[in-house]
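Structure data (TSV, C-alpha atoms) from work.tsv:
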chain	number	residue	atom	x	y	z
A	252	MET	CA	0.00	0.00	0.00
A	253	ILE	CA	2.87	2.36	0.80
A	254	ARG	CA	4.41	1.49	-2.57
A	255	ALA	CA	1.16	2.18	-4.46
A	256	PHE	CA	1.04	5.62	-2.82
A	257	LEU	CA	4.66	6.28	-3.79
A	258	VAL	CA	4.00	5.22	-7.39
A	259	TRP	CA	1.19	7.78	-7.49
A	260	LEU	CA	3.41	10.39	-5.86
A	261	GLN	CA	6.20	9.82	-8.36
A	262	THR	CA	4.33	9.33	-11.60
A	263	ALA	CA	0.84	10.82	-11.32
A	264	LEU	CA	0.67	13.76	-8.92
A	265	GLY	CA	0.59	17.04	-10.83
A	266	LYS	CA	0.80	15.40	-14.24
A	267	GLY	CA	-0.95	17.24	-17.04
A	268	ALA	CA	-2.20	15.96	-20.40
A	269	GLY	CA	0.05	15.19	-23.36
A	270	ASP	CA	2.89	12.81	-24.15
A	271	THR	CA	5.66	14.91	-22.69
A	272	ALA	CA	3.78	15.93	-19.54
A	273	GLN	CA	5.70	15.33	-16.33
A	274	SER	CA	4.50	14.77	-12.81
A	275	TRP	CA	5.73	17.24	-10.18
A	276	SER	CA	8.14	14.63	-8.89
A	277	GLU	CA	9.63	14.05	-12.36
A	278	ALA	CA	9.88	17.79	-12.98
A	279	LEU	CA	11.76	18.27	-9.71
A	280	LEU	CA	14.14	15.40	-10.48
A	281	GLY	CA	14.91	16.89	-13.89
A	282	SER	CA	15.13	20.49	-12.71
A	283	LEU	CA	18.14	22.56	-13.68
A	284	ASN	CA	18.64	24.29	-10.35
A	285	PHE	CA	16.03	23.43	-7.76
A	286	TRP	CA	17.12	19.88	-6.98
A	287	GLY	CA	20.71	21.00	-6.44
A	288	LEU	CA	19.52	23.83	-4.24
A	289	LEU	CA	17.50	21.37	-2.15
A	290	GLU	CA	20.43	19.00	-1.78
A	291	GLY	CA	22.81	21.81	-0.85
A	292	SER	CA	20.35	23.20	1.69
A	293	HIS	CA	19.84	19.75	3.16
A	294	LEU	CA	23.58	19.43	3.80
A	295	ILE	CA	24.01	22.95	5.18
A	296	GLY	CA	21.01	22.42	7.48
A	297	LEU	CA	22.56	19.14	8.54
A	298	MET	CA	25.69	20.92	9.72
A	299	LEU	CA	23.64	23.18	11.97
A	300	PHE	CA	21.56	20.29	13.29
A	301	ALA	CA	24.35	17.75	13.83
A	302	GLY	CA	26.86	20.33	15.01
A	303	THR	CA	24.60	21.65	17.76
A	304	ILE	CA	23.33	18.26	18.91
A	305	LEU	CA	26.97	17.16	19.19
A	306	ILE	CA	27.64	19.94	21.73
A	307	VAL	CA	24.62	19.03	23.86
A	308	ASP	CA	25.44	15.32	23.75
A	309	LEU	CA	29.07	15.96	24.71
A	310	ARG	CA	27.89	18.08	27.68
A	311	LEU	CA	25.65	15.22	28.81
A	312	LEU	CA	28.60	12.85	28.48
A	313	GLY	CA	30.60	15.15	30.76
A	314	VAL	CA	33.14	16.01	28.08
A	315	THR	CA	32.53	19.67	27.24
A	316	PHE	CA	31.32	22.72	29.23
A	317	ARG	CA	31.62	20.74	32.44
A	318	ARG	CA	31.28	23.82	34.67
A	319	THR	CA	28.17	25.06	32.86
A	320	PRO	CA	24.85	23.55	34.03
A	321	VAL	CA	23.27	21.19	31.49
A	322	SER	CA	20.13	23.34	31.38
A	323	VAL	CA	22.15	26.43	30.39
A	324	VAL	CA	23.87	24.55	27.56
A	325	SER	CA	20.67	22.97	26.26
A	326	ASP	CA	18.48	26.08	26.65
A	327	THR	CA	21.03	28.06	24.64
A	328	ILE	CA	21.76	25.53	21.94
A	329	LEU	CA	18.68	23.31	21.50
A	330	PRO	CA	16.55	26.00	19.77
A	331	LEU	CA	19.19	26.02	17.00
A	332	THR	CA	19.06	22.21	16.88
A	333	ILE	CA	15.28	22.25	16.53
A	334	PHE	CA	15.46	24.86	13.77
A	335	GLY	CA	18.12	22.78	12.00
A	336	PHE	CA	16.04	19.63	12.35
A	337	ILE	CA	12.91	21.20	10.87
A	338	PHE	CA	15.00	22.58	8.00
A	339	VAL	CA	16.63	19.21	7.31
A	340	VAL	CA	13.30	17.36	7.46
A	341	ILE	CA	11.64	19.75	5.00
A	342	THR	CA	14.52	19.67	2.47
A	343	GLY	CA	14.83	15.91	3.01
A	344	MET	CA	11.15	15.40	2.19
A	345	GLY	CA	11.70	17.49	-0.95
A	346	LEU	CA	14.57	15.25	-2.01
A	347	PHE	CA	12.51	12.15	-1.21
A	348	PHE	CA	9.66	13.52	-3.33
A	349	ALA	CA	12.00	13.68	-6.35
A	350	LYS	CA	12.39	9.89	-6.43
A	351	PRO	CA	10.18	8.13	-3.87
A	352	LEU	CA	10.49	4.63	-5.34
A	353	PHE	CA	14.28	4.82	-5.52
A	354	TYR	CA	14.47	5.58	-1.79
A	355	TYR	CA	11.77	3.07	-0.93
A	356	HIS	CA	13.83	0.20	-2.41
A	357	ASN	CA	17.17	1.50	-1.13
A	358	ILE	CA	18.82	-0.35	1.73
A	359	TRP	CA	20.80	2.67	2.97
A	360	PHE	CA	17.65	4.77	3.13
A	361	ARG	CA	15.76	2.04	4.98
A	362	VAL	CA	18.46	1.68	7.64
A	363	LYS	CA	18.67	5.47	7.86
A	364	MET	CA	14.94	5.69	8.61
A	365	ILE	CA	15.18	2.96	11.27
A	366	MET	CA	18.07	4.78	12.98
A	367	LEU	CA	16.15	8.05	12.70
A	368	ALA	CA	13.22	6.40	14.49
A	369	ILE	CA	15.56	5.08	17.21
A	370	ALA	CA	17.09	8.55	17.65
A	371	LEU	CA	13.64	10.13	17.97
A	372	ILE	CA	12.46	7.50	20.50
A	373	ASN	CA	15.67	8.17	22.43
A	374	ILE	CA	14.77	11.88	22.57
A	375	LEU	CA	11.28	11.02	23.87
A	376	VAL	CA	12.68	8.72	26.56
A	377	PHE	CA	15.22	11.35	27.55
A	378	HIS	CA	12.62	14.08	27.93
A	379	SER	CA	9.95	11.95	29.61
A	380	ARG	CA	12.14	9.95	32.01
A	381	ILE	CA	15.75	10.98	32.38
A	382	GLN	CA	15.14	14.72	32.38
A	383	ARG	CA	12.59	14.46	35.22
A	384	THR	CA	15.41	14.26	37.73
A	385	GLN	CA	17.56	16.87	36.00
A	386	GLY	CA	17.24	19.29	38.92
A	387	SER	CA	19.40	17.03	41.08
A	388	TRP	CA	22.28	16.67	38.59
A	389	ASP	CA	21.96	19.79	36.41
A	390	SER	CA	25.24	21.28	37.64
A	391	ASP	CA	27.19	17.99	37.88
A	392	ALA	CA	30.31	17.88	35.73
A	393	LEU	CA	29.48	14.26	34.99
A	394	PRO	CA	25.72	13.62	34.63
A	395	PRO	CA	24.32	10.24	35.80
A	396	ALA	CA	24.64	7.05	33.78
A	397	GLY	CA	21.12	7.28	32.33
A	398	ALA	CA	21.77	10.71	30.81
A	399	ARG	CA	25.17	9.62	29.51
A	400	THR	CA	23.66	6.52	27.90
A	401	ALA	CA	21.02	8.59	26.15
A	402	ALA	CA	23.70	11.01	24.91
A	403	ALA	CA	25.90	8.18	23.63
A	404	LEU	CA	22.93	6.56	21.89
A	405	SER	CA	21.98	9.89	20.36
A	406	LEU	CA	25.51	10.51	19.05
A	407	SER	CA	25.80	7.04	17.54
A	408	ALA	CA	22.33	7.08	15.99
A	409	TRP	CA	22.85	10.45	14.30
A	410	LEU	CA	26.27	9.40	13.01
A	411	VAL	CA	24.71	6.33	11.40
A	412	VAL	CA	21.82	8.42	10.01
A	413	ILE	CA	24.28	10.85	8.39
A	414	THR	CA	26.67	8.17	7.10
A	415	PHE	CA	23.89	6.05	5.59
A	416	GLY	CA	22.33	9.16	4.10
A	417	ARG	CA	25.58	9.80	2.25
A	418	LEU	CA	25.77	6.18	1.09
A	419	ILE	CA	22.37	6.41	-0.62
A	420	ALA	CA	24.28	7.97	-3.52
A	421	TYR	CA	26.11	4.72	-4.27
A	422	ASP	CA	24.49	2.04	-6.39
A	423	TRP	CA	26.20	-1.01	-4.88
A	424	PHE	CA	22.96	-2.65	-3.76
A	425	GLU	CA	20.49	-1.48	-6.36
A	426	CYS	CA	17.58	-3.78	-7.11
A	427	GLY	CA	18.05	-5.62	-10.40
A	428	LYS	CA	21.67	-6.43	-9.64
A	429	PRO	CA	22.53	-10.02	-8.78
A	430	GLN	CA	22.77	-9.89	-4.99
A	431	PRO	CA	22.34	-11.96	-1.84
A	432	ALA	CA	18.80	-12.99	-0.95
A	433	PHE	CA	18.72	-11.01	2.31
A	434	ILE	CA	19.48	-7.75	0.48
A	435	ASN	CA	16.77	-8.43	-2.08
A	436	TRP	CA	14.48	-9.14	0.86
A	437	ALA	CA	15.52	-6.04	2.84
A	438	GLU	CA	14.90	-3.81	-0.18
A	439	GLU	CA	11.72	-5.62	-1.30
A	440	CYS	CA	13.28	-5.87	-4.76
A	441	LYS	CA	10.71	-8.43	-5.84
A	442	VAL	CA	8.02	-5.77	-6.16
A	443	SER	CA	10.39	-3.13	-7.57
A	444	GLU	CA	10.49	-2.27	-11.27
A	445	LYS	CA	13.87	-3.96	-11.69
A	446	GLY	CA	12.83	-7.08	-9.78
A	447	ALA	CA	14.95	-9.30	-7.54
A	448	VAL	CA	17.92	-11.02	-9.19
A	449	ALA	CA	19.62	-13.78	-7.25
A	450	LEU	CA	23.38	-14.26	-7.29
A	451	SER	CA	24.31	-16.71	-10.03
A	452	GLY	CA	24.33	-20.21	-8.67
A	453	ALA	CA	21.91	-19.34	-5.88
A	454	HIS	CA	18.28	-20.35	-5.87
A	455	PRO	CA	15.95	-17.52	-6.89
B	57	MET	CA	45.16	24.38	36.18
B	58	ASN	CA	43.95	20.85	35.80
B	59	PHE	CA	45.00	19.54	32.42
B	60	ARG	CA	43.56	16.06	32.91
B	61	ARG	CA	40.07	17.08	31.91
B	62	PHE	CA	41.38	18.29	28.56
B	63	ILE	CA	42.73	14.87	27.65
B	64	LEU	CA	39.45	13.29	26.48
B	65	PRO	CA	38.19	16.31	24.47
B	66	THR	CA	41.62	16.65	22.87
B	67	MET	CA	41.63	12.98	21.95
B	68	ILE	CA	38.13	13.20	20.48
B	69	ALA	CA	38.97	16.38	18.57
B	70	THR	CA	42.16	14.83	17.20
B	71	GLY	CA	40.24	11.73	16.16
B	72	LEU	CA	37.55	13.77	14.40
B	73	LEU	CA	40.17	15.92	12.71
B	74	ALA	CA	42.07	12.85	11.51
B	75	ALA	CA	38.84	11.30	10.23
B	76	ALA	CA	37.90	14.53	8.46
B	77	THR	CA	41.35	14.85	6.88
B	78	LEU	CA	41.21	11.25	5.69
B	79	GLY	CA	37.70	11.80	4.42
B	80	VAL	CA	38.72	14.92	2.47
B	81	GLN	CA	41.73	13.14	0.97
B	82	GLN	CA	39.50	10.23	0.06
B	83	ALA	CA	37.01	12.61	-1.51
B	84	SER	CA	39.57	14.49	-3.57
B	85	ALA	CA	41.22	11.26	-4.67
B	86	HIS	CA	38.10	9.27	-5.48
B	87	HIS	CA	34.76	10.83	-4.72
B	88	ALA	CA	32.00	9.15	-6.65
B	89	PHE	CA	34.03	7.93	-9.61
B	90	ALA	CA	36.18	5.27	-7.98
B	91	ALA	CA	33.33	3.98	-5.86
B	92	GLU	CA	31.38	2.85	-8.89
B	93	PHE	CA	33.61	3.05	-11.98
B	94	ASP	CA	36.84	1.44	-13.08
B	95	GLY	CA	39.40	3.93	-14.42
B	96	LYS	CA	41.32	1.00	-15.91
B	97	SER	CA	38.39	-0.12	-18.07
B	98	PRO	CA	38.00	2.48	-20.80
B	99	VAL	CA	35.16	1.85	-23.24
B	100	LEU	CA	34.36	3.33	-26.63
B	101	LEU	CA	30.65	3.01	-27.34
B	102	ARG	CA	29.23	3.68	-30.77
B	103	GLY	CA	25.48	3.50	-31.31
B	104	LYS	CA	22.10	5.11	-31.34
B	105	VAL	CA	20.63	6.93	-28.37
B	106	THR	CA	17.56	5.00	-27.20
B	107	LYS	CA	16.55	7.01	-24.17
B	108	ILE	CA	17.79	9.86	-22.03
B	109	GLU	CA	17.05	10.37	-18.38
B	110	TRP	CA	17.51	14.08	-17.68
B	111	ILE	CA	17.70	13.60	-13.95
B	112	ASN	CA	19.67	14.78	-10.93
B	113	PRO	CA	22.31	14.23	-9.74
B	114	HIS	CA	23.41	12.49	-12.95
B	115	ALA	CA	21.78	12.28	-16.34
B	116	TRP	CA	21.83	8.84	-18.00
B	117	VAL	CA	22.18	8.36	-21.74
B	118	HIS	CA	21.01	4.97	-22.98
B	119	VAL	CA	22.86	3.76	-26.06
B	120	ASN	CA	22.21	0.68	-28.16
B	121	VAL	CA	25.69	-0.49	-29.11
B	122	VAL	CA	25.82	-2.71	-32.21
B	123	GLU	CA	28.93	-4.81	-32.79
B	124	GLY	CA	28.38	-7.18	-35.70
B	125	ALA	CA	25.31	-9.21	-34.82
B	126	LYS	CA	25.55	-8.38	-31.14
B	127	GLU	CA	23.46	-5.59	-29.64
B	128	THR	CA	24.20	-4.38	-26.15
B	129	GLU	CA	22.24	-1.84	-24.17
B	130	TRP	CA	24.43	0.58	-22.22
B	131	MET	CA	23.52	3.36	-19.84
B	132	VAL	CA	26.12	6.08	-19.61
B	133	GLU	CA	26.35	8.46	-16.67
B	134	GLY	CA	26.77	12.14	-17.45
B	135	GLY	CA	26.88	15.29	-15.38
B	136	THR	CA	23.79	16.99	-13.93
B	137	PRO	CA	21.19	18.33	-16.39
B	138	ASN	CA	22.57	21.77	-15.54
B	139	THR	CA	26.20	20.81	-16.25
B	140	LEU	CA	25.21	19.21	-19.57
B	141	LEU	CA	23.22	22.25	-20.63
B	142	ARG	CA	26.20	24.49	-19.93
B	143	ALA	CA	28.45	22.12	-21.90
B	144	GLY	CA	26.09	22.47	-24.86
B	145	ILE	CA	24.18	19.21	-24.54
B	146	ASP	CA	20.40	19.42	-24.28
B	147	ARG	CA	17.19	17.60	-25.17
B	148	ASN	CA	17.46	18.72	-28.80
B	149	SER	CA	21.08	17.82	-29.45
B	150	LEU	CA	20.77	14.40	-27.85
B	151	LYS	CA	17.46	13.06	-29.14
B	152	PRO	CA	16.66	9.35	-29.23
B	153	GLY	CA	17.91	7.98	-32.55
B	154	THR	CA	21.03	10.21	-32.66
B	155	GLU	CA	24.14	8.26	-33.63
B	156	ILE	CA	26.84	9.06	-31.07
B	157	VAL	CA	30.23	7.88	-29.93
B	158	VAL	CA	30.84	7.93	-26.21
B	159	ARG	CA	34.20	7.58	-24.56
B	160	GLY	CA	34.09	6.55	-20.94
B	161	TYR	CA	34.86	3.97	-18.29
B	162	GLN	CA	32.87	0.87	-17.43
B	163	SER	CA	31.42	0.32	-13.97
B	164	LYS	CA	33.45	-1.79	-11.55
B	165	ASP	CA	30.57	-4.21	-11.58
B	166	LYS	CA	30.92	-5.75	-15.03
B	167	ALA	CA	27.99	-8.14	-14.74
B	168	CYS	CA	25.96	-5.94	-17.12
B	169	THR	CA	22.88	-6.90	-15.11
B	170	PRO	CA	20.29	-5.50	-15.58
B	171	ILE	CA	22.21	-3.27	-18.00
B	172	CYS	CA	25.81	-2.34	-18.81
B	173	LYS	CA	26.88	0.85	-17.07
B	174	ALA	CA	29.62	3.34	-17.82
B	175	ASN	CA	30.74	6.79	-16.78
B	176	GLY	CA	30.77	9.03	-19.84
B	177	ARG	CA	33.68	11.39	-20.46
B	178	ASP	CA	32.99	12.84	-23.88
B	179	VAL	CA	30.41	12.39	-26.57
B	180	THR	CA	30.91	12.86	-30.31
B	181	PHE	CA	27.90	13.92	-32.39
B	182	PRO	CA	27.15	13.02	-36.05
B	183	ASP	CA	28.48	16.45	-37.13
B	184	GLY	CA	31.82	15.73	-35.49
B	185	ARG	CA	31.37	17.98	-32.45
B	186	LYS	CA	32.96	16.48	-29.37
B	187	LEU	CA	31.72	17.67	-25.98
B	188	PHE	CA	32.64	16.87	-22.40
B	189	MET	CA	29.66	15.12	-20.79
B	190	GLY	CA	30.97	14.34	-17.31
B	191	SER	CA	31.37	16.32	-14.09
B	192	SER	CA	34.62	17.96	-13.06
B	193	GLY	CA	36.44	16.94	-9.92
B	194	THR	CA	35.02	13.46	-9.54
B	195	GLY	CA	38.43	11.79	-9.53
B	196	ALA	CA	37.97	10.24	-12.96
B	197	PRO	CA	41.25	9.59	-14.82
B	198	LYS	CA	42.83	12.76	-16.23
B	199	ASP	CA	42.37	11.79	-19.86
B	200	GLY	CA	42.05	15.24	-21.38
B	201	ALA	CA	38.25	14.99	-21.82
B	202	ASP	CA	37.64	17.72	-19.25
B	203	ALA	CA	38.95	21.07	-20.53
B	204	THR	CA	38.84	22.61	-17.04
B	205	GLU	CA	41.39	20.16	-15.72
B	206	ALA	CA	45.14	20.29	-16.31
B	207	PRO	CA	46.32	17.41	-18.47
B	208	LYS	CA	48.60	14.88	-16.82
Turn the structure described in the file into structure tokens.
Amino acid sequence: MIRAFLVWLQTALGKGAGDTAQSWSEALLGSLNFWGLLEGSHLIGLMLFAGTILIVDLRLLGVTFRRTPVSVVSDTILPLTIFGFIFVVITGMGLFFAKPLFYYHNIWFRVKMIMLAIALINILVFHSRIQRTQGSWDSDALPPAGARTAAALSLSAWLVVITFGRLIAYDWFECGKPQPAFINWAEECKVSEKGAVALSGAHP
Amino acid sequence: MNFRRFILPTMIATGLLAAATLGVQQASAHHAFAAEFDGKSPVLLRGKVTKIEWINPHAWVHVNVVEGAKETEWMVEGGTPNTLLRAGIDRNSLKPGTEIVVRGYQSKDKACTPICKANGRDVTFPDGRKLFMGSSGTGAPKDGADATEAPK
């Protein structure tokens, strides 16, 4: 059902009459300047987002700004992080809109989305549980283990999200290539346009 | 002054800096080219354009290469639609059916499944015009195709 929606999004939405008519998604993908602008903005926004969250996470790990209370660091920096995140999500959705089916069947993108979900759940847990006791350790140079765990998880998850986002550009595991069964399964290649091709010698 | 608490941040900073330096070197030496294409496998493809995908970040020119009785379908990676337009290649100059000669490098993956892939360097049109169709600074071999780059 998700795939059917993405097919519509990619090929039908905004499409006019005539043989050469393009959907909005196709027009964006073929644009002379706009796609590049989106991609560039996505990366610049990413620097703001990842750079600021790094500072907050390192404070929670007891590495940086150890004499500054956690609340001072996060109240100063987190608004920038939130702005960066909104910016990255909007430009990211724009880039996704340019080729929905490509991303849908892309293993890097799928892992990226899973890590993104883990990172967001981590934020929820941090705010709803760990931060409740913040008053008692706000000024500690080394916050308690729970806060440090959340910070370490956050750092690792965002690093994976960024790395896998970069790897989407490489075609090593594209559907239609002969590849191991678990990759074909993880990318749902069978229902993709290129289909699932087993490694030679392996059972289909 | 207690220097001990600077040890960990310094180590992390040094590590990040080293990683970034390595990453930059890697990028300037290879970038996208070496990840997917083989600079030691030059190809010369002669045939008719069957389809063009004018898409970001790379346009793809599909060429039906005929060698004797054998027909092979190739897809050749070019620059962005913007880069190609500025190089003088557009929808009108590269229509399906145009007989072209493309010089480039085959993908590392030579299985040709589902289709043979190559990175295009320059394209020669029926009227003899030869234009650079790639992107600069990708780390592709310095073969003289790119006029902006100093020859070896």
Could the residues of chain A within 10 Å of chain B, counting all atoms listed in the file, be given as number ranges by chain, please? A: 277-287, 290, 309, 313-315, 317, 349-350, 420-423, 426-429, 445-446, 448
For the residues selected in the previous step, produce a file with C-alpha atoms as a short mmCIF file (atom, residue, chain, number, x, y, z; two decimals), in the coordinates of the input.
data_model
loop_
_atom_site.label_atom_id
_atom_site.label_comp_id
_atom_site.auth_asym_id
_atom_site.auth_seq_id
_atom_site.Cartn_x
_atom_site.Cartn_y
_atom_site.Cartn_z
CA GLU A 277 9.63 14.05 -12.36
CA ALA A 278 9.88 17.79 -12.98
CA LEU A 279 11.76 18.27 -9.71
CA LEU A 280 14.14 15.40 -10.48
CA GLY A 281 14.91 16.89 -13.89
CA SER A 282 15.13 20.49 -12.71
CA LEU A 283 18.14 22.56 -13.68
CA ASN A 284 18.64 24.29 -10.35
CA PHE A 285 16.03 23.43 -7.76
CA TRP A 286 17.12 19.88 -6.98
CA GLY A 287 20.71 21.00 -6.44
CA GLU A 290 20.43 19.00 -1.78
CA LEU A 309 29.07 15.96 24.71
CA GLY A 313 30.60 15.15 30.76
CA VAL A 314 33.14 16.01 28.08
CA THR A 315 32.53 19.67 27.24
CA ARG A 317 31.62 20.74 32.44
CA ALA A 349 12.00 13.68 -6.35
CA LYS A 350 12.39 9.89 -6.43
CA ALA A 420 24.28 7.97 -3.52
CA TYR A 421 26.11 4.72 -4.27
CA ASP A 422 24.49 2.04 -6.39
CA TRP A 423 26.20 -1.01 -4.88
CA CYS A 426 17.58 -3.78 -7.11
CA GLY A 427 18.05 -5.62 -10.40
CA LYS A 428 21.67 -6.43 -9.64
CA PRO A 429 22.53 -10.02 -8.78
CA LYS A 445 13.87 -3.96 -11.69
CA GLY A 446 12.83 -7.08 -9.78
CA VAL A 448 17.92 -11.02 -9.19
#
Between B:Lys151, B:Arg177, B:Lys198, B:Arg142, which one has atoms that come closest to Val119 (chain B), using only C-alpha atoms? B:Lys151
Arg102 (chain B) surroundings by all atoms listed in the file, 7 Å radius, close-in-sequence under 6 positions cut, as a list in words: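 That gives Val121, Ile156, Val157 and Val158 of chain B.
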Would you mind reading off the distance between CA of Arg399 (chain A) and CA of Leu297 (chain A), one decimal, in Å?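 These two atoms are separated by 23.2 Å.
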For CA of His378 (chain A) and CA of Val411 (chain A), determine how far apart the two atoms are, in Å to one decimal place.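 CA of Val411 (chain A) lies at a distance of 21.9 Å from CA of His378 (chain A).
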Residue with the minimum atom-to-atom distance to Gly176 (chain B), picked from B:Arg60, B:Arg147, B:His118, B:Lys126 with all atoms listed in the file counted, is B:His118
What are the closest atom pairs, with distances in Å to one decimal, for each residue of region 307-357 of chain A lying within 8 Å of region 361-365 of chain A, using all atoms listed in the file, rows by chain and rising residue number, as CSV?
residue,atom,partner,partner_atom,distance
A:Tyr354,CA,A:Arg361,CA,7.7
A:Tyr355,CA,A:Arg361,CA,7.2
A:His356,CA,A:Arg361,CA,7.9
A:Asn357,CA,A:Arg361,CA,6.3
Residues at most 7 Å from Val117 (chain B), counting all atoms listed in the file, excluding those fewer than 5 positions away in the same chain, as a VMD selection string? chain B and resid 105 107 to 109 131 to 133
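We find CA of Ser276 (chain A) and CA of Phe348 (chain A) to be spaced 5.9 Å apart.
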Which residues are close to Phe89 (chain B), i.e. within 6 Å by only C-alpha atoms, leaving aside same-chain residues fewer than 4 positions away? Reply as JSON, numbers by chain. {"B": [93, 194, 195, 196]}
Selection export as a PDB file, in the coordinates of the input, atoms kept: C-alpha atoms:
ATOM      1  CA  PHE B  93      33.610   3.050 -11.980  1.00  0.00           C
ATOM      2  CA  THR B 194      35.020  13.460  -9.540  1.00  0.00           C
ATOM      3  CA  GLY B 195      38.430  11.790  -9.530  1.00  0.00           C
ATOM      4  CA  ALA B 196      37.970  10.240 -12.960  1.00  0.00           C
TER       5      ALA B 196
END
